[in-house]
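> Let me begin by handing over the structure; questions about it come next.
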Amino acid sequence: MPNIPDQTGRRIVVTGANSGTGEETAKRLAGAGASVVLAVRTPAKGDAAVDRIRREHPDADVEVRELDLADLGSVRRFAAGVEADDRPLDVLVNNAGVMAPPQRFETADGFELQFGTNFLGHLALTNLLLPTLLRAGRDGTGPAPRVATMSSLAAIPGSIRFTDPQWERGYNGWRAYSQSKLADLLLALHLHRLSVERDWPLVSTAAHPGYTRTNLQSAGRSLGRSRPVRSSDRAFPLTQAVEQGAEPLLYAAVGPAAVGGAYYGPSGFGGLTGPTTTVSVPRSARSADLARSLWAVAEDLTDTRAPA
């Protein structure tokens with residue numbers, strides 16, 4: 001999606017916007033005229049990202065707000081701040097994530113870190129911001145508000161361990177990551193079904209970045225280690241830069257032809273690289289009953305509810 005449609009007058013929240021696909025998404029949206037909120041765990045890193053964005057787009061309308069998806073109290077404070085602004089919110093981009101820590105960590109609320117951050121934090125944020133998003137859609141003056149959620153190719157082998165979703169037994173970092181990214185895809189698909197059932201003026205989409213070179217691959221695996229893990233792509237040449245890796249998410253977020261319930265990703269070999277296309281929802285995510293059950297469990301765990 002080399003050319004972003006004009007976003008002047010639209011307000012967009014991007015989680016995890018201080019690096020990688022999140023920063024690239026925020027930069028491209030701001031360059032197209034959007035007012036972008038960089039929702040980040042560490043404000044100093046968000047400020048550095050703003051500086052980089054403004055080097056390319058000096059007049060960019062960007063701001064940093066603290067959001068720790070591993071702390072539901074932080075999620076509630078962030079959502080309350082957006083609500084208090086009394087401004088329409090046009091797009092929520094659920095992008096932030098952590099990948100495959102070598103040992104089990106917990107969020108502030110006692111959830112396994114990946115399930116809690118990648119999925120539960122985003123579901124809570126989505127539910128809490130839905131009233132603001134829906135208000136933006138009911139004035140009928142522009143495109144329907146949208147929620148774009150980042151999944152991963154790791155969702156393909158994923159499964160939801162309803163008997164032990166927090167991996168309290170037999171923790172495996174990669175399998176837990178796969179579960180969390182499958183859960184993200186199920187979130188996007190079920191939100192689409194809710195929008196249809198409840199006649200909401202809302203579009204819910206999903207995307208995956210293929211194999212994009214970011215610090216995600218090393219940051220999670222460095223948790224709990226005395227020395228950071230360095231990511232190397234020499235053994236895996238089918239990778240792409242973040243500029244192209246962010247395009248499926250950008251298309252899901254603001255592409256004029258994107259539709260609710262669709263999944264976007266790279267079109268190249270194995271979905272690893274290449275221009276954006278509509279991709280098939282993996283078998284692991286096709287059950288509407290699975291998505292509904294997971295949503296209900298997540299609402300109970302986070303004590304948040306989508307509007308009736």
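A note on labels: chains of the structure tokens are A, B, ... as shown, every chain counts residues from 1, and ligands are counted from 1 in their shown order.
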Write out as a ChimeraX atom specification which residues come within 7 Å of Asp68 in chain A when counting only C-alpha atoms, dropping same-chain ones fewer than 4 positions away.

/A:40-41,74-75

> Output all heavy atoms for every residue in that selection, as a PDB file, in the first residue's frame.


ATOM      1  N   VAL A  40       2.216   3.521  23.939  1.00  0.00           N
ATOM      2  CA  VAL A  40       3.456   2.783  24.183  1.00  0.00           C
ATOM      3  C   VAL A  40       3.651   2.539  25.680  1.00  0.00           C
ATOM      4  O   VAL A  40       3.179   3.305  26.520  1.00  0.00           O
ATOM      5  CB  VAL A  40       4.674   3.548  23.625  1.00  0.00           C
ATOM      6  CG1 VAL A  40       4.516   3.779  22.122  1.00  0.00           C
ATOM      7  CG2 VAL A  40       4.873   4.881  24.322  1.00  0.00           C
ATOM      8  N   ARG A  41       4.364   1.466  25.968  1.00  0.00           N
ATOM      9  CA  ARG A  41       4.631   1.122  27.371  1.00  0.00           C
ATOM     10  C   ARG A  41       5.641   2.068  28.004  1.00  0.00           C
ATOM     11  O   ARG A  41       5.537   2.410  29.184  1.00  0.00           O
ATOM     12  CB  ARG A  41       5.135  -0.325  27.454  1.00  0.00           C
ATOM     13  CG  ARG A  41       5.368  -0.826  28.870  1.00  0.00           C
ATOM     14  CD  ARG A  41       5.618  -2.316  28.877  1.00  0.00           C
ATOM     15  NE  ARG A  41       6.773  -2.675  28.079  1.00  0.00           N
ATOM     16  CZ  ARG A  41       8.028  -2.720  28.542  1.00  0.00           C
ATOM     17  NH1 ARG A  41       8.272  -2.410  29.816  1.00  0.00           N
ATOM     18  NH2 ARG A  41       9.024  -3.075  27.768  1.00  0.00           N
ATOM     19  N   SER A  74      -3.529   0.005  33.575  1.00  0.00           N
ATOM     20  CA  SER A  74      -2.998   0.930  32.579  1.00  0.00           C
ATOM     21  C   SER A  74      -3.917   1.009  31.369  1.00  0.00           C
ATOM     22  O   SER A  74      -4.150   2.089  30.810  1.00  0.00           O
ATOM     23  CB  SER A  74      -1.590   0.493  32.148  1.00  0.00           C
ATOM     24  OG  SER A  74      -1.094   1.299  31.100  1.00  0.00           O
ATOM     25  N   VAL A  75      -4.454  -0.141  30.951  1.00  0.00           N
ATOM     26  CA  VAL A  75      -5.379  -0.158  29.816  1.00  0.00           C
ATOM     27  C   VAL A  75      -6.604   0.693  30.126  1.00  0.00           C
ATOM     28  O   VAL A  75      -7.051   1.500  29.286  1.00  0.00           O
ATOM     29  CB  VAL A  75      -5.799  -1.600  29.478  1.00  0.00           C
ATOM     30  CG1 VAL A  75      -6.864  -1.625  28.391  1.00  0.00           C
ATOM     31  CG2 VAL A  75      -4.579  -2.419  29.039  1.00  0.00           C
TER      32      VAL A  75
END

> If we count only C-alpha atoms, what is near range 272-287 of chain A at a cut-off of 9 Å, once residues fewer than 5 positions away on the same chain are taken out, given as a PDB file with all heavy atoms, in the first residue's frame?


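New file out_16.pdb:
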ATOM      1  N   MET A   1       0.848  -1.191   0.000  1.00  0.00           N
ATOM      2  CA  MET A   1       0.000   0.000   0.000  1.00  0.00           C
ATOM      3  C   MET A   1       0.884   1.241   0.000  1.00  0.00           C
ATOM      4  O   MET A   1       1.001   1.947   1.005  1.00  0.00           O
ATOM      5  CB  MET A   1      -0.916  -0.009   1.232  1.00  0.00           C
ATOM      6  CG  MET A   1      -2.023   1.014   1.170  1.00  0.00           C
ATOM      7  SD  MET A   1      -3.076   0.857   2.626  1.00  0.00           S
ATOM      8  CE  MET A   1      -4.233   2.165   2.277  1.00  0.00           C
ATOM      9  N   LEU A 153       1.702 -15.428  11.154  1.00  0.00           N
ATOM     10  CA  LEU A 153       1.719 -16.781  10.601  1.00  0.00           C
ATOM     11  C   LEU A 153       1.772 -17.831  11.709  1.00  0.00           C
ATOM     12  O   LEU A 153       1.376 -18.984  11.504  1.00  0.00           O
ATOM     13  CB  LEU A 153       2.909 -16.955   9.665  1.00  0.00           C
ATOM     14  CG  LEU A 153       2.821 -16.258   8.301  1.00  0.00           C
ATOM     15  CD1 LEU A 153       4.160 -16.330   7.588  1.00  0.00           C
ATOM     16  CD2 LEU A 153       1.717 -16.877   7.446  1.00  0.00           C
ATOM     17  N   ALA A 155      -0.126 -18.108  14.015  1.00  0.00           N
ATOM     18  CA  ALA A 155      -1.482 -18.536  14.361  1.00  0.00           C
ATOM     19  C   ALA A 155      -1.845 -19.860  13.697  1.00  0.00           C
ATOM     20  O   ALA A 155      -2.715 -20.592  14.194  1.00  0.00           O
ATOM     21  CB  ALA A 155      -2.493 -17.465  13.951  1.00  0.00           C
ATOM     22  N   ILE A 156      -1.199 -20.185  12.584  1.00  0.00           N
ATOM     23  CA  ILE A 156      -1.571 -21.381  11.821  1.00  0.00           C
ATOM     24  C   ILE A 156      -1.465 -22.654  12.667  1.00  0.00           C
ATOM     25  O   ILE A 156      -2.410 -23.455  12.721  1.00  0.00           O
ATOM     26  CB  ILE A 156      -0.730 -21.485  10.535  1.00  0.00           C
ATOM     27  CG1 ILE A 156      -1.053 -20.312   9.605  1.00  0.00           C
ATOM     28  CG2 ILE A 156      -0.977 -22.817   9.822  1.00  0.00           C
ATOM     29  CD1 ILE A 156      -0.142 -20.219   8.384  1.00  0.00           C
ATOM     30  N   PRO A 157      -0.325 -22.890  13.362  1.00  0.00           N
ATOM     31  CA  PRO A 157      -0.255 -24.099  14.198  1.00  0.00           C
ATOM     32  C   PRO A 157      -0.816 -23.891  15.600  1.00  0.00           C
ATOM     33  O   PRO A 157      -0.749 -24.799  16.434  1.00  0.00           O
ATOM     34  CB  PRO A 157       1.248 -24.371  14.268  1.00  0.00           C
ATOM     35  CG  PRO A 157       1.861 -23.007  14.218  1.00  0.00           C
ATOM     36  CD  PRO A 157       0.980 -22.197  13.301  1.00  0.00           C
ATOM     37  N   GLY A 158      -1.367 -22.721  15.874  1.00  0.00           N
ATOM     38  CA  GLY A 158      -1.819 -22.412  17.225  1.00  0.00           C
ATOM     39  C   GLY A 158      -3.076 -23.155  17.624  1.00  0.00           C
ATOM     40  O   GLY A 158      -3.846 -23.633  16.793  1.00  0.00           O
ATOM     41  N   SER A 159      -3.293 -23.220  18.912  1.00  0.00           N
ATOM     42  CA  SER A 159      -4.534 -23.764  19.474  1.00  0.00           C
ATOM     43  C   SER A 159      -4.772 -23.055  20.800  1.00  0.00           C
ATOM     44  O   SER A 159      -3.845 -22.526  21.412  1.00  0.00           O
ATOM     45  CB  SER A 159      -4.444 -25.279  19.683  1.00  0.00           C
ATOM     46  OG  SER A 159      -3.405 -25.600  20.593  1.00  0.00           O
ATOM     47  N   LEU A 182      -3.122 -16.631  17.486  1.00  0.00           N
ATOM     48  CA  LEU A 182      -4.402 -17.200  17.063  1.00  0.00           C
ATOM     49  C   LEU A 182      -5.539 -16.471  17.779  1.00  0.00           C
ATOM     50  O   LEU A 182      -6.570 -16.139  17.166  1.00  0.00           O
ATOM     51  CB  LEU A 182      -4.446 -18.691  17.381  1.00  0.00           C
ATOM     52  CG  LEU A 182      -5.805 -19.380  17.176  1.00  0.00           C
ATOM     53  CD1 LEU A 182      -6.292 -19.248  15.739  1.00  0.00           C
ATOM     54  CD2 LEU A 182      -5.717 -20.860  17.585  1.00  0.00           C
ATOM     55  N   ALA A 183      -5.363 -16.194  19.059  1.00  0.00           N
ATOM     56  CA  ALA A 183      -6.381 -15.476  19.813  1.00  0.00           C
ATOM     57  C   ALA A 183      -6.620 -14.088  19.223  1.00  0.00           C
ATOM     58  O   ALA A 183      -7.771 -13.623  19.154  1.00  0.00           O
ATOM     59  CB  ALA A 183      -5.976 -15.374  21.283  1.00  0.00           C
ATOM     60  N   LEU A 185      -6.313 -13.219  16.075  1.00  0.00           N
ATOM     61  CA  LEU A 185      -7.088 -13.395  14.848  1.00  0.00           C
ATOM     62  C   LEU A 185      -8.550 -13.703  15.176  1.00  0.00           C
ATOM     63  O   LEU A 185      -9.469 -13.168  14.546  1.00  0.00           O
ATOM     64  CB  LEU A 185      -6.470 -14.516  14.004  1.00  0.00           C
ATOM     65  CG  LEU A 185      -7.130 -14.811  12.657  1.00  0.00           C
ATOM     66  CD1 LEU A 185      -7.288 -13.561  11.805  1.00  0.00           C
ATOM     67  CD2 LEU A 185      -6.328 -15.880  11.905  1.00  0.00           C
ATOM     68  N   LEU A 186      -8.768 -14.545  16.171  1.00  0.00           N
ATOM     69  CA  LEU A 186     -10.138 -14.844  16.593  1.00  0.00           C
ATOM     70  C   LEU A 186     -10.833 -13.594  17.126  1.00  0.00           C
ATOM     71  O   LEU A 186     -12.036 -13.406  16.910  1.00  0.00           O
ATOM     72  CB  LEU A 186     -10.120 -15.946  17.651  1.00  0.00           C
ATOM     73  CG  LEU A 186      -9.697 -17.334  17.147  1.00  0.00           C
ATOM     74  CD1 LEU A 186      -9.421 -18.263  18.322  1.00  0.00           C
ATOM     75  CD2 LEU A 186     -10.750 -17.933  16.229  1.00  0.00           C
ATOM     76  N   LEU A 189     -11.998 -11.601  14.070  1.00  0.00           N
ATOM     77  CA  LEU A 189     -13.112 -12.253  13.374  1.00  0.00           C
ATOM     78  C   LEU A 189     -14.398 -12.193  14.183  1.00  0.00           C
ATOM     79  O   LEU A 189     -15.483 -11.969  13.630  1.00  0.00           O
ATOM     80  CB  LEU A 189     -12.735 -13.696  13.049  1.00  0.00           C
ATOM     81  CG  LEU A 189     -11.542 -13.869  12.098  1.00  0.00           C
ATOM     82  CD1 LEU A 189     -11.158 -15.336  11.966  1.00  0.00           C
ATOM     83  CD2 LEU A 189     -11.844 -13.267  10.728  1.00  0.00           C
ATOM     84  N   ALA A 207      -4.538  -8.641  10.085  1.00  0.00           N
ATOM     85  CA  ALA A 207      -3.388  -8.658   9.184  1.00  0.00           C
ATOM     86  C   ALA A 207      -2.274  -9.482   9.808  1.00  0.00           C
ATOM     87  O   ALA A 207      -2.263  -9.725  11.021  1.00  0.00           O
ATOM     88  CB  ALA A 207      -2.895  -7.237   8.912  1.00  0.00           C
ATOM     89  N   PRO A 209       2.242  -9.786   9.180  1.00  0.00           N
ATOM     90  CA  PRO A 209       3.342  -9.123   8.473  1.00  0.00           C
ATOM     91  C   PRO A 209       4.271 -10.057   7.722  1.00  0.00           C
ATOM     92  O   PRO A 209       5.319  -9.610   7.233  1.00  0.00           O
ATOM     93  CB  PRO A 209       4.095  -8.431   9.607  1.00  0.00           C
ATOM     94  CG  PRO A 209       3.974  -9.413  10.742  1.00  0.00           C
ATOM     95  CD  PRO A 209       2.584 -10.031  10.598  1.00  0.00           C
ATOM     96  N   GLY A 210       3.918 -11.360   7.629  1.00  0.00           N
ATOM     97  CA  GLY A 210       4.882 -12.298   7.060  1.00  0.00           C
ATOM     98  C   GLY A 210       6.088 -12.390   7.966  1.00  0.00           C
ATOM     99  O   GLY A 210       5.975 -12.377   9.192  1.00  0.00           O
ATOM    100  N   TYR A 211       7.273 -12.477   7.352  1.00  0.00           N
ATOM    101  CA  TYR A 211       8.505 -12.464   8.142  1.00  0.00           C
ATOM    102  C   TYR A 211       9.169 -11.118   7.910  1.00  0.00           C
ATOM    103  O   TYR A 211       9.868 -10.904   6.928  1.00  0.00           O
ATOM    104  CB  TYR A 211       9.442 -13.603   7.737  1.00  0.00           C
ATOM    105  CG  TYR A 211      10.524 -13.873   8.771  1.00  0.00           C
ATOM    106  CD1 TYR A 211      10.836 -15.166   9.162  1.00  0.00           C
ATOM    107  CD2 TYR A 211      11.248 -12.836   9.352  1.00  0.00           C
ATOM    108  CE1 TYR A 211      11.821 -15.428  10.117  1.00  0.00           C
ATOM    109  CE2 TYR A 211      12.225 -13.073  10.298  1.00  0.00           C
ATOM    110  CZ  TYR A 211      12.515 -14.376  10.680  1.00  0.00           C
ATOM    111  OH  TYR A 211      13.480 -14.616  11.603  1.00  0.00           O
ATOM    112  N   THR A 212       8.913 -10.205   8.828  1.00  0.00           N
ATOM    113  CA  THR A 212       9.427  -8.850   8.737  1.00  0.00           C
ATOM    114  C   THR A 212      10.512  -8.653   9.777  1.00  0.00           C
ATOM    115  O   THR A 212      10.368  -9.064  10.934  1.00  0.00           O
ATOM    116  CB  THR A 212       8.292  -7.830   8.959  1.00  0.00           C
ATOM    117  OG1 THR A 212       7.335  -7.987   7.910  1.00  0.00           O
ATOM    118  CG2 THR A 212       8.807  -6.407   8.959  1.00  0.00           C
ATOM    119  N   LEU A 238      14.243 -15.398   3.380  1.00  0.00           N
ATOM    120  CA  LEU A 238      12.952 -14.878   2.934  1.00  0.00           C
ATOM    121  C   LEU A 238      12.368 -13.951   3.993  1.00  0.00           C
ATOM    122  O   LEU A 238      11.447 -14.293   4.732  1.00  0.00           O
ATOM    123  CB  LEU A 238      11.997 -16.024   2.628  1.00  0.00           C
ATOM    124  CG  LEU A 238      12.362 -16.855   1.393  1.00  0.00           C
ATOM    125  CD1 LEU A 238      11.442 -18.052   1.267  1.00  0.00           C
ATOM    126  CD2 LEU A 238      12.276 -16.005   0.126  1.00  0.00           C
ATOM    127  N   THR A 239      12.937 -12.765   4.086  1.00  0.00           N
ATOM    128  CA  THR A 239      12.466 -11.756   5.022  1.00  0.00           C
ATOM    129  C   THR A 239      12.275 -10.451   4.272  1.00  0.00           C
ATOM    130  O   THR A 239      12.736 -10.285   3.138  1.00  0.00           O
ATOM    131  CB  THR A 239      13.470 -11.544   6.162  1.00  0.00           C
ATOM    132  OG1 THR A 239      14.673 -10.971   5.631  1.00  0.00           O
ATOM    133  CG2 THR A 239      13.809 -12.854   6.859  1.00  0.00           C
ATOM    134  N   GLN A 240      11.602  -9.516   4.916  1.00  0.00           N
ATOM    135  CA  GLN A 240      11.398  -8.219   4.287  1.00  0.00           C
ATOM    136  C   GLN A 240      11.576  -7.104   5.302  1.00  0.00           C
ATOM    137  O   GLN A 240      11.480  -7.314   6.518  1.00  0.00           O
ATOM    138  CB  GLN A 240      10.014  -8.139   3.654  1.00  0.00           C
ATOM    139  CG  GLN A 240       8.856  -8.302   4.613  1.00  0.00           C
ATOM    140  CD  GLN A 240       7.523  -8.413   3.877  1.00  0.00           C
ATOM    141  OE1 GLN A 240       7.454  -8.386   2.654  1.00  0.00           O
ATOM    142  NE2 GLN A 240       6.434  -8.520   4.629  1.00  0.00           N
ATOM    143  N   GLN A 244       7.781  -2.659   3.992  1.00  0.00           N
ATOM    144  CA  GLN A 244       6.823  -3.524   3.314  1.00  0.00           C
ATOM    145  C   GLN A 244       6.050  -4.376   4.304  1.00  0.00           C
ATOM    146  O   GLN A 244       4.860  -4.647   4.121  1.00  0.00           O
ATOM    147  CB  GLN A 244       7.512  -4.427   2.299  1.00  0.00           C
ATOM    148  CG  GLN A 244       6.526  -5.248   1.465  1.00  0.00           C
ATOM    149  CD  GLN A 244       7.095  -5.690   0.139  1.00  0.00           C
ATOM    150  OE1 GLN A 244       8.293  -5.720  -0.061  1.00  0.00           O
ATOM    151  NE2 GLN A 244       6.219  -6.026  -0.791  1.00  0.00           N
ATOM    152  N   GLY A 245       6.696  -4.764   5.388  1.00  0.00           N
ATOM    153  CA  GLY A 245       6.026  -5.598   6.375  1.00  0.00           C
ATOM    154  C   GLY A 245       4.847  -4.928   7.050  1.00  0.00           C
ATOM    155  O   GLY A 245       3.924  -5.600   7.522  1.00  0.00           O
ATOM    156  N   GLU A 247       2.736  -2.985   5.504  1.00  0.00           N
ATOM    157  CA  GLU A 247       1.677  -2.677   4.542  1.00  0.00           C
ATOM    158  C   GLU A 247       0.384  -3.476   4.748  1.00  0.00           C
ATOM    159  O   GLU A 247      -0.708  -2.925   4.579  1.00  0.00           O
ATOM    160  CB  GLU A 247       2.210  -2.802   3.122  1.00  0.00           C
ATOM    161  CG  GLU A 247       3.200  -1.687   2.803  1.00  0.00           C
ATOM    162  CD  GLU A 247       3.605  -1.608   1.348  1.00  0.00           C
ATOM    163  OE1 GLU A 247       3.123  -2.444   0.552  1.00  0.00           O
ATOM    164  OE2 GLU A 247       4.401  -0.716   1.011  1.00  0.00           O
ATOM    165  N   PRO A 248       0.434  -4.768   5.098  1.00  0.00           N
ATOM    166  CA  PRO A 248      -0.840  -5.449   5.373  1.00  0.00           C
ATOM    167  C   PRO A 248      -1.632  -4.790   6.513  1.00  0.00           C
ATOM    168  O   PRO A 248      -2.861  -4.662   6.436  1.00  0.00           O
ATOM    169  CB  PRO A 248      -0.413  -6.873   5.735  1.00  0.00           C
ATOM    170  CG  PRO A 248       0.886  -7.059   5.009  1.00  0.00           C
ATOM    171  CD  PRO A 248       1.568  -5.733   5.114  1.00  0.00           C
ATOM    172  N   TYR A 251      -3.101  -1.556   5.253  1.00  0.00           N
ATOM    173  CA  TYR A 251      -4.265  -1.834   4.407  1.00  0.00           C
ATOM    174  C   TYR A 251      -5.468  -2.197   5.264  1.00  0.00           C
ATOM    175  O   TYR A 251      -6.591  -1.719   5.030  1.00  0.00           O
ATOM    176  CB  TYR A 251      -3.943  -2.954   3.419  1.00  0.00           C
ATOM    177  CG  TYR A 251      -4.995  -3.110   2.351  1.00  0.00           C
ATOM    178  CD1 TYR A 251      -4.929  -2.368   1.172  1.00  0.00           C
ATOM    179  CD2 TYR A 251      -6.069  -3.986   2.521  1.00  0.00           C
ATOM    180  CE1 TYR A 251      -5.905  -2.497   0.196  1.00  0.00           C
ATOM    181  CE2 TYR A 251      -7.043  -4.119   1.551  1.00  0.00           C
ATOM    182  CZ  TYR A 251      -6.952  -3.366   0.382  1.00  0.00           C
ATOM    183  OH  TYR A 251      -7.925  -3.484  -0.576  1.00  0.00           O
ATOM    184  N   ALA A 258     -10.651  -2.470   1.955  1.00  0.00           N
ATOM    185  CA  ALA A 258     -10.631  -3.494   2.998  1.00  0.00           C
ATOM    186  C   ALA A 258     -12.034  -3.713   3.537  1.00  0.00           C
ATOM    187  O   ALA A 258     -12.823  -2.776   3.664  1.00  0.00           O
ATOM    188  CB  ALA A 258      -9.691  -3.081   4.125  1.00  0.00           C
ATOM    189  N   ALA A 262     -12.029  -9.718   6.930  1.00  0.00           N
ATOM    190  CA  ALA A 262     -10.974 -10.153   6.008  1.00  0.00           C
ATOM    191  C   ALA A 262      -9.621 -10.159   6.713  1.00  0.00           C
ATOM    192  O   ALA A 262      -9.409  -9.481   7.724  1.00  0.00           O
ATOM    193  CB  ALA A 262     -10.932  -9.251   4.783  1.00  0.00           C
ATOM    194  N   TYR A 263      -8.705 -10.929   6.118  1.00  0.00           N
ATOM    195  CA  TYR A 263      -7.360 -11.134   6.671  1.00  0.00           C
ATOM    196  C   TYR A 263      -6.375 -10.781   5.571  1.00  0.00           C
ATOM    197  O   TYR A 263      -6.490 -11.276   4.443  1.00  0.00           O
ATOM    198  CB  TYR A 263      -7.222 -12.598   7.085  1.00  0.00           C
ATOM    199  CG  TYR A 263      -6.015 -12.966   7.916  1.00  0.00           C
ATOM    200  CD1 TYR A 263      -5.382 -12.060   8.754  1.00  0.00           C
ATOM    201  CD2 TYR A 263      -5.525 -14.278   7.887  1.00  0.00           C
ATOM    202  CE1 TYR A 263      -4.304 -12.440   9.535  1.00  0.00           C
ATOM    203  CE2 TYR A 263      -4.455 -14.671   8.663  1.00  0.00           C
ATOM    204  CZ  TYR A 263      -3.839 -13.737   9.482  1.00  0.00           C
ATOM    205  OH  TYR A 263      -2.774 -14.115  10.254  1.00  0.00           O
ATOM    206  N   TYR A 264      -5.411  -9.904   5.886  1.00  0.00           N
ATOM    207  CA  TYR A 264      -4.486  -9.402   4.879  1.00  0.00           C
ATOM    208  C   TYR A 264      -3.045  -9.756   5.253  1.00  0.00           C
ATOM    209  O   TYR A 264      -2.674  -9.735   6.431  1.00  0.00           O
ATOM    210  CB  TYR A 264      -4.643  -7.882   4.733  1.00  0.00           C
ATOM    211  CG  TYR A 264      -6.042  -7.495   4.321  1.00  0.00           C
ATOM    212  CD1 TYR A 264      -6.964  -7.011   5.255  1.00  0.00           C
ATOM    213  CD2 TYR A 264      -6.463  -7.660   3.010  1.00  0.00           C
ATOM    214  CE1 TYR A 264      -8.266  -6.705   4.884  1.00  0.00           C
ATOM    215  CE2 TYR A 264      -7.766  -7.349   2.626  1.00  0.00           C
ATOM    216  CZ  TYR A 264      -8.659  -6.875   3.571  1.00  0.00           C
ATOM    217  OH  TYR A 264      -9.945  -6.577   3.190  1.00  0.00           O
ATOM    218  N   GLY A 265      -2.253 -10.084   4.230  1.00  0.00           N
ATOM    219  CA  GLY A 265      -0.867 -10.442   4.462  1.00  0.00           C
ATOM    220  C   GLY A 265      -0.090 -10.408   3.169  1.00  0.00           C
ATOM    221  O   GLY A 265      -0.627 -10.105   2.095  1.00  0.00           O
ATOM    222  N   PRO A 266       1.205 -10.737   3.227  1.00  0.00           N
ATOM    223  CA  PRO A 266       2.040 -10.735   2.029  1.00  0.00           C
ATOM    224  C   PRO A 266       1.610 -11.816   1.034  1.00  0.00           C
ATOM    225  O   PRO A 266       1.125 -12.882   1.423  1.00  0.00           O
ATOM    226  CB  PRO A 266       3.442 -11.012   2.571  1.00  0.00           C
ATOM    227  CG  PRO A 266       3.390 -10.639   4.016  1.00  0.00           C
ATOM    228  CD  PRO A 266       2.001 -10.972   4.447  1.00  0.00           C
ATOM    229  N   SER A 267       1.840 -11.544  -0.249  1.00  0.00           N
ATOM    230  CA  SER A 267       1.395 -12.452  -1.316  1.00  0.00           C
ATOM    231  C   SER A 267       2.486 -13.378  -1.816  1.00  0.00           C
ATOM    232  O   SER A 267       2.238 -14.232  -2.658  1.00  0.00           O
ATOM    233  CB  SER A 267       0.864 -11.631  -2.500  1.00  0.00           C
ATOM    234  OG  SER A 267       1.878 -10.755  -2.988  1.00  0.00           O
ATOM    235  N   ARG A 292     -16.276 -17.326  19.688  1.00  0.00           N
ATOM    236  CA  ARG A 292     -17.271 -16.852  20.649  1.00  0.00           C
ATOM    237  C   ARG A 292     -16.902 -17.285  22.068  1.00  0.00           C
ATOM    238  O   ARG A 292     -17.007 -16.511  23.032  1.00  0.00           O
ATOM    239  CB  ARG A 292     -18.649 -17.382  20.263  1.00  0.00           C
ATOM    240  CG  ARG A 292     -19.793 -16.849  21.123  1.00  0.00           C
ATOM    241  CD  ARG A 292     -21.145 -17.373  20.646  1.00  0.00           C
ATOM    242  NE  ARG A 292     -21.423 -16.957  19.272  1.00  0.00           N
ATOM    243  CZ  ARG A 292     -21.392 -17.763  18.215  1.00  0.00           C
ATOM    244  NH1 ARG A 292     -21.091 -19.053  18.383  1.00  0.00           N
ATOM    245  NH2 ARG A 292     -21.664 -17.319  17.005  1.00  0.00           N
TER     246      ARG A 292
END

> Tell me, as a list in words, which residues lie within 7 Å of Val37 in chain A, counting only C-alpha atoms; anything in the same chain fewer than 3 positions away does not count.

Ile12, Val13, Val14, Val62, Glu63, Val64 and Arg65 of chain A

> Which neighbours of Leu92 in chain A fall inside 12 Å, counting only C-alpha atoms, when residues of the same chain fewer than 5 positions from it are skipped, and could you give them as number ranges by chain?

A: 10-17, 22, 25-26, 36-39, 79, 82, 122-123, 125-130, 132-134, 136, 144-150, 188, 202-206, 249-250, 252-254

> Run DSSP on the backbone and give me the residues of range 92-207 of chain A it puts in helix (DSSP H, G or I), as number ranges by chain.

A: 113-138, 153-155, 173-197

> Pick the closest to Pro101 in chain A from A:Pro58, A:Gly173, A:Gly81, A:Gly31: which is it, counting only C-alpha atoms?

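Nearest to Pro101 in chain A: A:Gly173.
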
> Apply DSSP to the backbone of this structure and, from range 2-209 of chain A, keep only the residues in strand (DSSP E); write these as a PyMOL selection string.

chain A and resi 11-15+35-40+61-66+91-94+146-150+203-207

> So that I can see what lies close to Ala308 in chain A, please list as a ChimeraX atom specification the residues with an atom at most 12 Å from it, counting only C-alpha atoms and leaving out residues fewer than 3 positions away in the same chain.

/A:127,130-131,134,194-195,197-200,305

> Mind checking which residues fall within 8 Å of range 294-297 of chain A, counting only C-alpha atoms, ignoring those fewer than 2 positions away in the same chain, and posting them as an MDAnalysis selection string?

chainID A and resid 183 186:187 190 290:292 299:301

> For Arg193 in chain A, which of A:Asp289, A:Asp85, A:Glu23, A:Asp47 is the closest residue, counting only C-alpha atoms?

A:Asp289

> Just how far from CA of Ser293 in chain A is CA of Asp90 in chain A, in Å to one decimal?

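Going from CA of Asp90 in chain A over to CA of Ser293 in chain A, I get 27.8 Å.
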
> Please report the interatomic distance between CA of Ala48 in chain A and CA of Ser19 in chain A in Å with one decimal.

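Distance reported for this atom pair: 9.5 Å.
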
> My list of candidates is A:Asp184, A:Gly271, A:Phe111, A:Arg76. Which is closest to Thr304 in chain A when distances are computed with only C-alpha atoms?

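The closest residue to Thr304 in chain A is A:Arg76.
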
> Just the residues within 10 Å of Arg169 in chain A, please, counting only C-alpha atoms, with nothing from its chain fewer than 4 positions along; format it as a ChimeraX atom specification.

/A:104,164-165

> CA of Ile160 in chain A to CA of Ala100 in chain A: how many Å, to one decimal?

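Going from CA of Ile160 in chain A over to CA of Ala100 in chain A, I get 16.1 Å.
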